[in-house]
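S.K.: Here it is, the structure in full.
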Amino acid sequence: MDAVRHLGVKEVARFEGIPPKTLLRRLERSRIHLPVDPEDSRRKLIPVSAMSPEAYQAWVKAETCAALQNVNGQPGAAPAESAPLLPFASPSQTERTLLEAVPPAVPERHQAFVDLWSSLIGECTNGSYRRHLGYCEEGILVTGRQTFIRVQAKKYGIGVSTIHQKLKLLKEVNHNPDIPSQQKMAAFWSRMLPKLRPGRSGHSFFSDPENAWMREKLLSLYLTQAKHSSKQAHRLLLAEIDAKQRAWRAEHIYQRPTLHQCRTVLEAVDSPTLVLAREGNKAFYNQCAPYISRKPPEFSNFIWCTDQKVADVRVQDAGHRLGRLTSVSFIDVTSNKWLGCCFAPVLSSDVVMRAAVDAMIRTGTKPRYVQFDLGKEFYNHRFGGGVSRIKGEMLFREALGMWQRLGVEPIKAIGNNPRTKPIERWHAELRKLDQGFITYTGKRPDDRPERLATIEAQHYAWLAGEAENPHIPTIEEYIDAFCGWCAVTWNRETRGYGKYLLGMTPEQCWNAKRPPEGFPRITEDEINFQTCERRKEQVTTGGQINLQVHGQKLEYVANELFPLQGQTVEVLLSRISYRTITVIYPVTGGEASCVAEVKEQYDWVPEGDEAQERMRAAIRAQHRVKRAVKTGIDASAIVSDSANPMEVLQAVESLPSKNPLASRGLFGNAAPPPPPPLGHPEIGSVEWTMRHHRSRTASAAAHRFMEEEK
C-alpha cells in the first residue's frame with residue numbers, strides 16, 4: 001500500500017465534485033474492490049488510479065501546492081491546542097471542507113514551472129492515454145502509453161527523455177519506504193524544483209534578509225523619471241553600499257551584488273509599473289489603460305484614419321536594384337473600407353498629401369474628422385497650419401493647413417499605443433498579401449524566410465549573367481497587386497459577422513451606413529486648389545517669377561506681374577502640371593489673381609498626370625550623367641547633345657536596362673542583352689501616385705475660384 005497512494009472516500013468525492021454515496025455506487029458498478037483502512041476498519045480507501053483524469057489532476061495540483069508550502073518554509077497552521085479562544089463559534093464541517101479545498105499559494109517564480117509539470121505528469125500517469133488510442137495527434141499515431149508520452153513531449157516542446165526522467169523520479173519517491181505517504185509529494189517537488197545558483201541569481205542574493213534592503217533601494221533608483229539604465233542603477237547602488245560600509249567601518253561587511261543579479265530583479269518589473277514610475281500618469285493612461293473604446297461611429301465617412309507602413313516585400317526598380325516601398329493609406333473607421341494610398345521609398349509630407357488627394361478623388365467626398373499619426377510627416381504646418389520662419393522673419397506662410405481649408409478637423413492618435421488606431425489592424429491583414437510574394441521579408445528580422453537570401457543571390461548572379469532570372473516583382477507589379485487586393489479582395493468580400501458589420505462587406509457597409517444628409521461632395525478642381533503647394537516669392541525684373549522645382553530653375557511670366565516688380569506675392573504651384581502657376585497679389589481693396597506661364601525655352605517641361613515623376617526622373621538622370629562625365633565617353637556625348645533634362649532622360653531610357661550608364665551609374669563593357677527596360681520609375685524616385693485622368697490643372701481651377709469670389 002506504500003507504493004500506491006490511497007485516499008478517503010470523502011476526499012476523493014470532493015475532488016470528483018459528487019456526493020460520497022454516489023461515488024461508492026459508481027465504483028461498485030465498475031466492480032472496483034476498495035481496501036479497508038488498517039487503522040480504522042470502518043473506513044474504506046480508494047486508490048488514486050481509480051480517480052477520473054480531471055479529479056486526478058486536481059489532486060496532483062493540490063498536493064503540489066501543499067508540498068511547495070513545506071519546501072519553501074512557509075509557516076503552517078498553528079496547532080489546535082495553541083489556538084486562542086474565539087468569541088464566535090468554530091467553523092462548521094462544510095466550511096472546514098471548503099477551506100481545506102483551497103490550495104496554498106505557489107511562489108510566483110515557480111508558478112509557470114509547476115503548472116507545466118503538474119499538468120504533464122498528471123496526463124502521463126492517470127491513464128488518460130486510453131482515450132486517445134487510435135487518434136493521430138501532433139503527427140503521431142497514439143498506440144500506447146509510450147507514443148502518448150511522445151505526443152505530450154512534442155506538444156509542450158520538451159524532450160521525451162526529460163519526461164521519462166521526471167516519471168522515474170516520481171516512481172523512486174513512491175516506492176521509497178523511508179518516506180511517509182503524506183510526504184511523498186513534498187519530497188518529489190523538493191527534487192523537481194529548479195535550484196537557485198548562489199552568486200548568479202538575483203532572487204537568491206536579494207532573498208537573504210541581510211541584503212533585502214538592497215532590492216528596495218535598487219528599485220527606488222530605477223523606477224524614477226530620471227530613467228536610469230540598469231547599469232547606472234547598479235553603479236548608484238554600489239555607491240550607496242560603499243557609503244554604508246564607510247559608516248560602519250570594519251564592524252560590518254556588506255555583500256556587493258553583480259550587474260547580472262541587479263538585472264534579474266529589474267527585468268521582473270511589469271510594464272505598467274515601469275511606465276507609471278518612469279514616464280508619469282499621462283504615459284500610463286496612453287500606453288496601459290485597458291478602457292480604450294473600440295466602438296466605431298454610427299455613420300460612415302465620419303472619421304478617416306491614416307498611417308504609413310513599410311511593405312514586407314523586396315521589389316526591384318528599373319535598374320534592377322532591390323528595396324522596400326513605403327505606403328500611406330486611408331481607411332474609413334466605421335466600414336473599414338480602403339479609400340486610397342500613395343507609395344514612396346521614403347516617407348514625407350508630400351507623400352501624405354498625395355495619399356489624401358487620392359482618397360478624396362476616389363470617393364468624391366471628404367470626412368468630418370481624420371485621425372493621423374504623431375510623426376512630423378503627418379503633423380506639420382502644411383496640414384495643421386502654423387508659422388514658418390523665412391530668412392529670419394516670421395511670415396504666415398501656411399496660416400491655415402490643408403485640413404482646415406477643407407473644413408476637416410484633425411485628431412491626434414494617442415502616442416505609443418497602436419491599439420487606438422484602427423488602421424493598425426488593417427495593416428495586420430495586409431500582411432496576407434505580402435506573404436504571397438517570393439521576396440516576403442517576414443514580420444521582423446528573426447522571422448525572415450531563408451529562401452529570401454537565396455533569391456537575392458540568384459538575382460545578383462543573373463545581373464552578372466551567371467544564373468536565370470528569379471523574377472523578383474517590380475514596383476508596378478506590387479502596386480497593381482496592392483491596389484487590386486484593397487479594391488477587390490478587401491472592399492468587396494465579407495470580413496466577419498460581428499455586431500458592427502453584420503455580415504456586410506466594407507463597400508456595402510459604406511453605403512448602408514450613409515449619413516441621412518448624404519456625403520459632402522467635393523470636386524476634383526477644388527481638391528487640386530486646396531492641396532496645391534503655396535509659396536511666397538518675389539517678382540523680379542521684367543515681371544517674372546523664378547521658382548526652384550526639384551533643384552531646377554523655372555521662369556514664369558505674365559503681363560499682370562510687370563507693375564509688381566520687387567513685391568512679394570503668393571504662388572500656387574499645381575501638383576499636376578508645371579507649365580502654369582497661379583499668382584495671388586494684393587490690389588486696392590483686396591486681392592487679385594492671374595495665371596503665369598513658363599517661358600518658351602522651358603517648353604520641355606512635362607505636363608499631365610505624371611508630370612512630377614517625369615520631372616524628377618529627368619533631373620536625376622541629368623545629375624547622374626554629369627557625375628559620370630569625367631570617366632565616360634558615352635555620357636559626355638549625351639550631355640553635350642542635350643539641351644534640357646528631358647532629352648537626357650530619353651537618352652538614358654533608350655539604353656538597355658543592364659547598361660552600366662542606365663543602372664549602376666558606372667562605365668565599362670556593357671552586359672549581355674537584357675530583357676526590355678522596365679516601364680516603371682526607380683526606387684530612388686521620391687514617390688509613386690495612383691494614376692488619375694485629370695483634364696484640368698490646379699492653376700486653372702484656382703483662377704476660377706478666385707474669379708467666383710470676386
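If you're wondering about the labels, chains in the C-alpha cells are A, B, ... by order shown, residues count from 1 in each chain, ligands from 1 in order shown.
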Quick one: everything within 10 Å of A:Cys342, counting only C-alpha atoms, minus sequence neighbours fewer than 4 positions away in the same chain. Send it as a ChimeraX atom specification.
M.R.: /A:308,326-330,350-359,479,687-690
S.K.: Save out the residues we just selected, C-alpha atoms, as a PDB file, in the first residue's frame.
M.R.:
```
ATOM      1  CA  GLN A 308       2.299  54.603 -43.024  1.00  0.00           C
ATOM      2  CA  THR A 326       6.585  52.749 -48.005  1.00  0.00           C
ATOM      3  CA  SER A 327       2.843  53.261 -48.361  1.00  0.00           C
ATOM      4  CA  VAL A 328       0.454  55.764 -46.793  1.00  0.00           C
ATOM      5  CA  SER A 329      -3.161  54.584 -46.775  1.00  0.00           C
ATOM      6  CA  PHE A 330      -6.541  55.954 -45.674  1.00  0.00           C
ATOM      7  CA  ASP A 350       4.251  65.290 -49.782  1.00  0.00           C
ATOM      8  CA  VAL A 351       3.509  61.547 -49.830  1.00  0.00           C
ATOM      9  CA  VAL A 352       0.836  62.034 -47.174  1.00  0.00           C
ATOM     10  CA  MET A 353      -0.633  64.884 -49.230  1.00  0.00           C
ATOM     11  CA  ARG A 354      -0.762  62.693 -52.331  1.00  0.00           C
ATOM     12  CA  ALA A 355      -2.460  59.873 -50.397  1.00  0.00           C
ATOM     13  CA  ALA A 356      -5.114  62.272 -49.097  1.00  0.00           C
ATOM     14  CA  VAL A 357      -5.716  63.590 -52.602  1.00  0.00           C
ATOM     15  CA  ASP A 358      -6.053  60.051 -53.941  1.00  0.00           C
ATOM     16  CA  ALA A 359      -8.561  59.104 -51.210  1.00  0.00           C
ATOM     17  CA  ILE A 479       1.474  48.401 -56.645  1.00  0.00           C
ATOM     18  CA  GLU A 687       7.022  58.978 -54.848  1.00  0.00           C
ATOM     19  CA  TRP A 688       4.583  56.979 -56.933  1.00  0.00           C
ATOM     20  CA  THR A 689       0.962  58.068 -57.007  1.00  0.00           C
ATOM     21  CA  MET A 690      -2.121  56.372 -58.299  1.00  0.00           C
TER      22      MET A 690
END
```
S.K.: So what do you get for atom CA of A:Arg256 versus atom CA of A:Ser271, distance-wise?
M.R.: 27.2 Å
S.K.: Please identify all polymer residues within 10 Å of stretch 21-23 of chain A, counting only C-alpha atoms, omitting same-chain residues fewer than 4 positions from it, and present them as a list in words.
M.R.: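 Using only C-alpha atoms, the neighbours found are Val9, Lys10, Val12, Ala13, Glu16, Gly17, Leu27 and Glu28 of chain A.
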S.K.: Could you dump the residues just selected with C-alpha atoms as a PDB file, in the first residue's frame?
M.R.:
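Output contents, as saved in out26.pdb:
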```
ATOM      1  CA  VAL A   9     -13.958   8.397   0.222  1.00  0.00           C
ATOM      2  CA  LYS A  10     -14.853  11.940   1.263  1.00  0.00           C
ATOM      3  CA  VAL A  12     -11.988  11.634  -3.455  1.00  0.00           C
ATOM      4  CA  ALA A  13     -15.625  12.751  -3.636  1.00  0.00           C
ATOM      5  CA  GLU A  16     -14.709  14.422  -8.158  1.00  0.00           C
ATOM      6  CA  GLY A  17     -17.354  17.010  -7.252  1.00  0.00           C
ATOM      7  CA  LEU A  27     -17.236   2.255  -8.000  1.00  0.00           C
ATOM      8  CA  GLU A  28     -19.474  -0.728  -7.220  1.00  0.00           C
TER       9      GLU A  28
END
```
S.K.: Skipping near chain neighbours, those fewer than 5 positions away, what residues fall within 6 Å of stretch 272-282 of chain A using only C-alpha atoms, listed as a list in words?
M.R.: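 In the requested format, the answer is Leu223, Thr224, Gln225 and Lys227 of chain A.
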S.K.: Grab the residues selected above and save them as an mmCIF file, in the first residue's frame with C-alpha atoms.
M.R.:
```cif
data_model
loop_
_atom_site.group_PDB
_atom_site.id
_atom_site.type_symbol
_atom_site.label_atom_id
_atom_site.label_comp_id
_atom_site.auth_asym_id
_atom_site.auth_seq_id
_atom_site.Cartn_x
_atom_site.Cartn_y
_atom_site.Cartn_z
ATOM 1 C CA LEU A 223 11.760 53.475 -11.004
ATOM 2 C CA THR A 224 12.209 57.238 -11.264
ATOM 3 C CA GLN A 225 11.669 59.791 -14.008
ATOM 4 C CA LYS A 227 15.172 56.868 -16.316
#
```
S.K.: Can you list, as a short mmCIF file (atom, residue, chain, number, x, y, z; two decimals) with C-alpha atoms, in the first residue's frame, every protein, DNA or RNA residue that comes within 10 Å of A:Trp117 when you count only C-alpha atoms, leaving out same-chain residues fewer than 4 positions away?
M.R.:
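Saved as out.cif:
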```
data_model
loop_
_atom_site.label_atom_id
_atom_site.label_comp_id
_atom_site.auth_asym_id
_atom_site.auth_seq_id
_atom_site.Cartn_x
_atom_site.Cartn_y
_atom_site.Cartn_z
CA LYS A 61 -2.21 20.24 -8.17
CA ALA A 112 4.89 28.50 -14.67
CA PHE A 113 7.13 25.51 -13.86
CA ILE A 121 2.81 14.37 -15.10
CA GLY A 122 -0.93 14.08 -14.43
CA GLU A 123 -1.62 13.36 -18.11
CA TYR A 156 4.86 21.08 -24.84
CA ILE A 163 9.68 13.40 -19.27
CA LYS A 166 10.73 13.06 -14.19
CA MET A 192 11.81 18.72 -9.04
#
```
S.K.: Quick one: distance from atom CA of A:Arg535 to atom CA of A:Gly589 in Å, one decimal?
M.R.: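 Separation of atom CA of A:Arg535 and atom CA of A:Gly589: 22.4 Å.
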S.K.: For A:Ile438, find every residue with an atom within 12 Å (counting only C-alpha atoms), except residues of its own chain fewer than 3 positions away, and show them as a ChimeraX atom specification.
M.R.: /A:312-315,433-435,441-442,448-456,470-474,478
S.K.: Please produce an output containing C-alpha atoms for each residue in the selection, written as a tab-separated table (two decimals), in the first residue's frame.
M.R.:
```
chain	number	residue	atom	x	y	z
A	312	ASP	CA	7.27	43.38	-46.19
A	313	VAL	CA	8.32	42.64	-49.78
A	314	ARG	CA	11.55	43.32	-51.66
A	315	VAL	CA	10.92	44.75	-55.14
A	433	LEU	CA	-0.93	39.95	-49.42
A	434	ASP	CA	2.81	40.33	-48.76
A	435	GLN	CA	3.17	36.66	-47.86
A	441	THR	CA	10.79	39.55	-45.75
A	442	GLY	CA	8.83	38.44	-42.68
A	448	ARG	CA	12.84	36.35	-42.33
A	449	PRO	CA	12.48	33.35	-44.67
A	450	GLU	CA	15.69	31.56	-45.53
A	451	ARG	CA	14.80	31.50	-49.23
A	452	LEU	CA	14.98	35.32	-49.42
A	453	ALA	CA	18.79	35.34	-49.26
A	454	THR	CA	18.91	32.63	-51.93
A	455	ILE	CA	16.61	34.57	-54.25
A	456	GLU	CA	18.60	37.79	-53.82
A	470	PRO	CA	14.39	34.75	-60.45
A	471	HIS	CA	11.63	37.19	-61.50
A	472	ILE	CA	11.61	39.40	-58.41
A	473	PRO	CA	8.44	41.52	-58.52
A	474	THR	CA	8.79	45.02	-59.90
A	478	TYR	CA	3.50	45.17	-56.41
```
S.K.: Determine, counting only C-alpha atoms, which protein, DNA and RNA residues have an atom within 12 Å of an atom of A:Val557; residues of the same chain fewer than 4 positions away are not included. Present the result as an MDAnalysis selection string.
M.R.: chainID A and resid 539:547 561:562 564:565 579:583 594:600 602
S.K.: How would the residues just picked look written out with N, CA and C atoms as a compact mmCIF listing (two decimals), in the first residue's frame?
M.R.:
```
# COMPACT_ATOMS: atom_id res chain seq x y z
N VAL A 539 8.59 89.09 -57.15
CA VAL A 539 8.55 89.34 -58.59
C VAL A 539 9.85 90.05 -58.97
N THR A 540 10.61 89.46 -59.91
CA THR A 540 11.91 90.01 -60.31
C THR A 540 11.74 90.97 -61.48
N THR A 541 12.85 91.43 -61.99
CA THR A 541 12.86 92.39 -63.11
C THR A 541 12.22 91.77 -64.34
N GLY A 542 11.40 92.54 -65.01
CA GLY A 542 10.71 92.07 -66.20
C GLY A 542 9.38 91.42 -65.91
N GLY A 543 8.97 91.44 -64.64
CA GLY A 543 7.68 90.87 -64.29
C GLY A 543 7.65 89.36 -64.37
N GLN A 544 8.72 88.73 -63.94
CA GLN A 544 8.76 87.28 -63.97
C GLN A 544 9.01 86.74 -62.56
N ILE A 545 8.69 85.48 -62.37
CA ILE A 545 8.88 84.78 -61.09
C ILE A 545 9.77 83.58 -61.34
N ASN A 546 10.83 83.47 -60.57
CA ASN A 546 11.77 82.36 -60.68
C ASN A 546 11.50 81.36 -59.55
N LEU A 547 11.25 80.12 -59.96
CA LEU A 547 10.97 79.06 -58.99
C LEU A 547 12.02 77.96 -59.10
N LEU A 561 2.04 90.83 -63.95
CA LEU A 561 3.11 90.89 -62.96
C LEU A 561 4.12 92.01 -63.24
N PHE A 562 4.05 92.65 -64.43
CA PHE A 562 5.06 93.66 -64.76
C PHE A 562 5.04 94.85 -63.80
N LEU A 564 4.35 94.78 -60.74
CA LEU A 564 4.56 94.29 -59.37
C LEU A 564 6.02 93.95 -59.11
N GLN A 565 6.96 94.50 -59.88
CA GLN A 565 8.36 94.17 -59.72
C GLN A 565 8.85 94.58 -58.32
N ARG A 579 3.56 73.71 -66.16
CA ARG A 579 3.54 74.68 -67.27
C ARG A 579 3.00 76.03 -66.83
N THR A 580 2.08 76.05 -65.89
CA THR A 580 1.48 77.30 -65.43
C THR A 580 1.44 77.32 -63.91
N ILE A 581 1.40 78.52 -63.35
CA ILE A 581 1.23 78.72 -61.92
C ILE A 581 0.19 79.81 -61.71
N THR A 582 -0.42 79.80 -60.55
CA THR A 582 -1.38 80.83 -60.17
C THR A 582 -0.72 81.79 -59.20
N VAL A 583 -0.81 83.08 -59.46
CA VAL A 583 -0.17 84.12 -58.64
C VAL A 583 -1.27 84.97 -58.02
N CYS A 594 -3.78 85.87 -61.18
CA CYS A 594 -3.51 85.71 -62.60
C CYS A 594 -2.77 84.40 -62.81
N VAL A 595 -2.71 83.95 -64.04
CA VAL A 595 -2.02 82.72 -64.40
C VAL A 595 -0.76 83.08 -65.15
N ALA A 596 0.39 82.65 -64.62
CA ALA A 596 1.68 82.88 -65.27
C ALA A 596 2.12 81.60 -65.96
N GLU A 597 2.66 81.77 -67.20
CA GLU A 597 3.10 80.63 -67.99
C GLU A 597 4.62 80.58 -68.03
N VAL A 598 5.14 79.36 -68.21
CA VAL A 598 6.58 79.18 -68.27
C VAL A 598 7.11 79.75 -69.59
N LYS A 599 8.35 80.22 -69.61
CA LYS A 599 8.93 80.80 -70.82
C LYS A 599 9.10 79.74 -71.91
N GLU A 600 9.30 80.22 -73.15
CA GLU A 600 9.36 79.32 -74.29
C GLU A 600 10.56 78.37 -74.21
N TYR A 602 11.54 76.79 -71.86
CA TYR A 602 11.24 75.68 -70.95
C TYR A 602 10.04 74.87 -71.45
```
S.K.: Provide the atom CA of A:Trp490 to atom CA of A:Pro520 distance in Å, to one decimal place.
M.R.: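 Spanning atom CA of A:Trp490 to atom CA of A:Pro520 is a straight-line distance of 24.4 Å.
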S.K.: Using only C-alpha atoms for the distances, tell me which of A:Lys366, A:Pro257, A:Arg324, A:Ile303 is nearest to A:Ile411.
M.R.: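 Result for the nearest residue to A:Ile411: A:Ile303.
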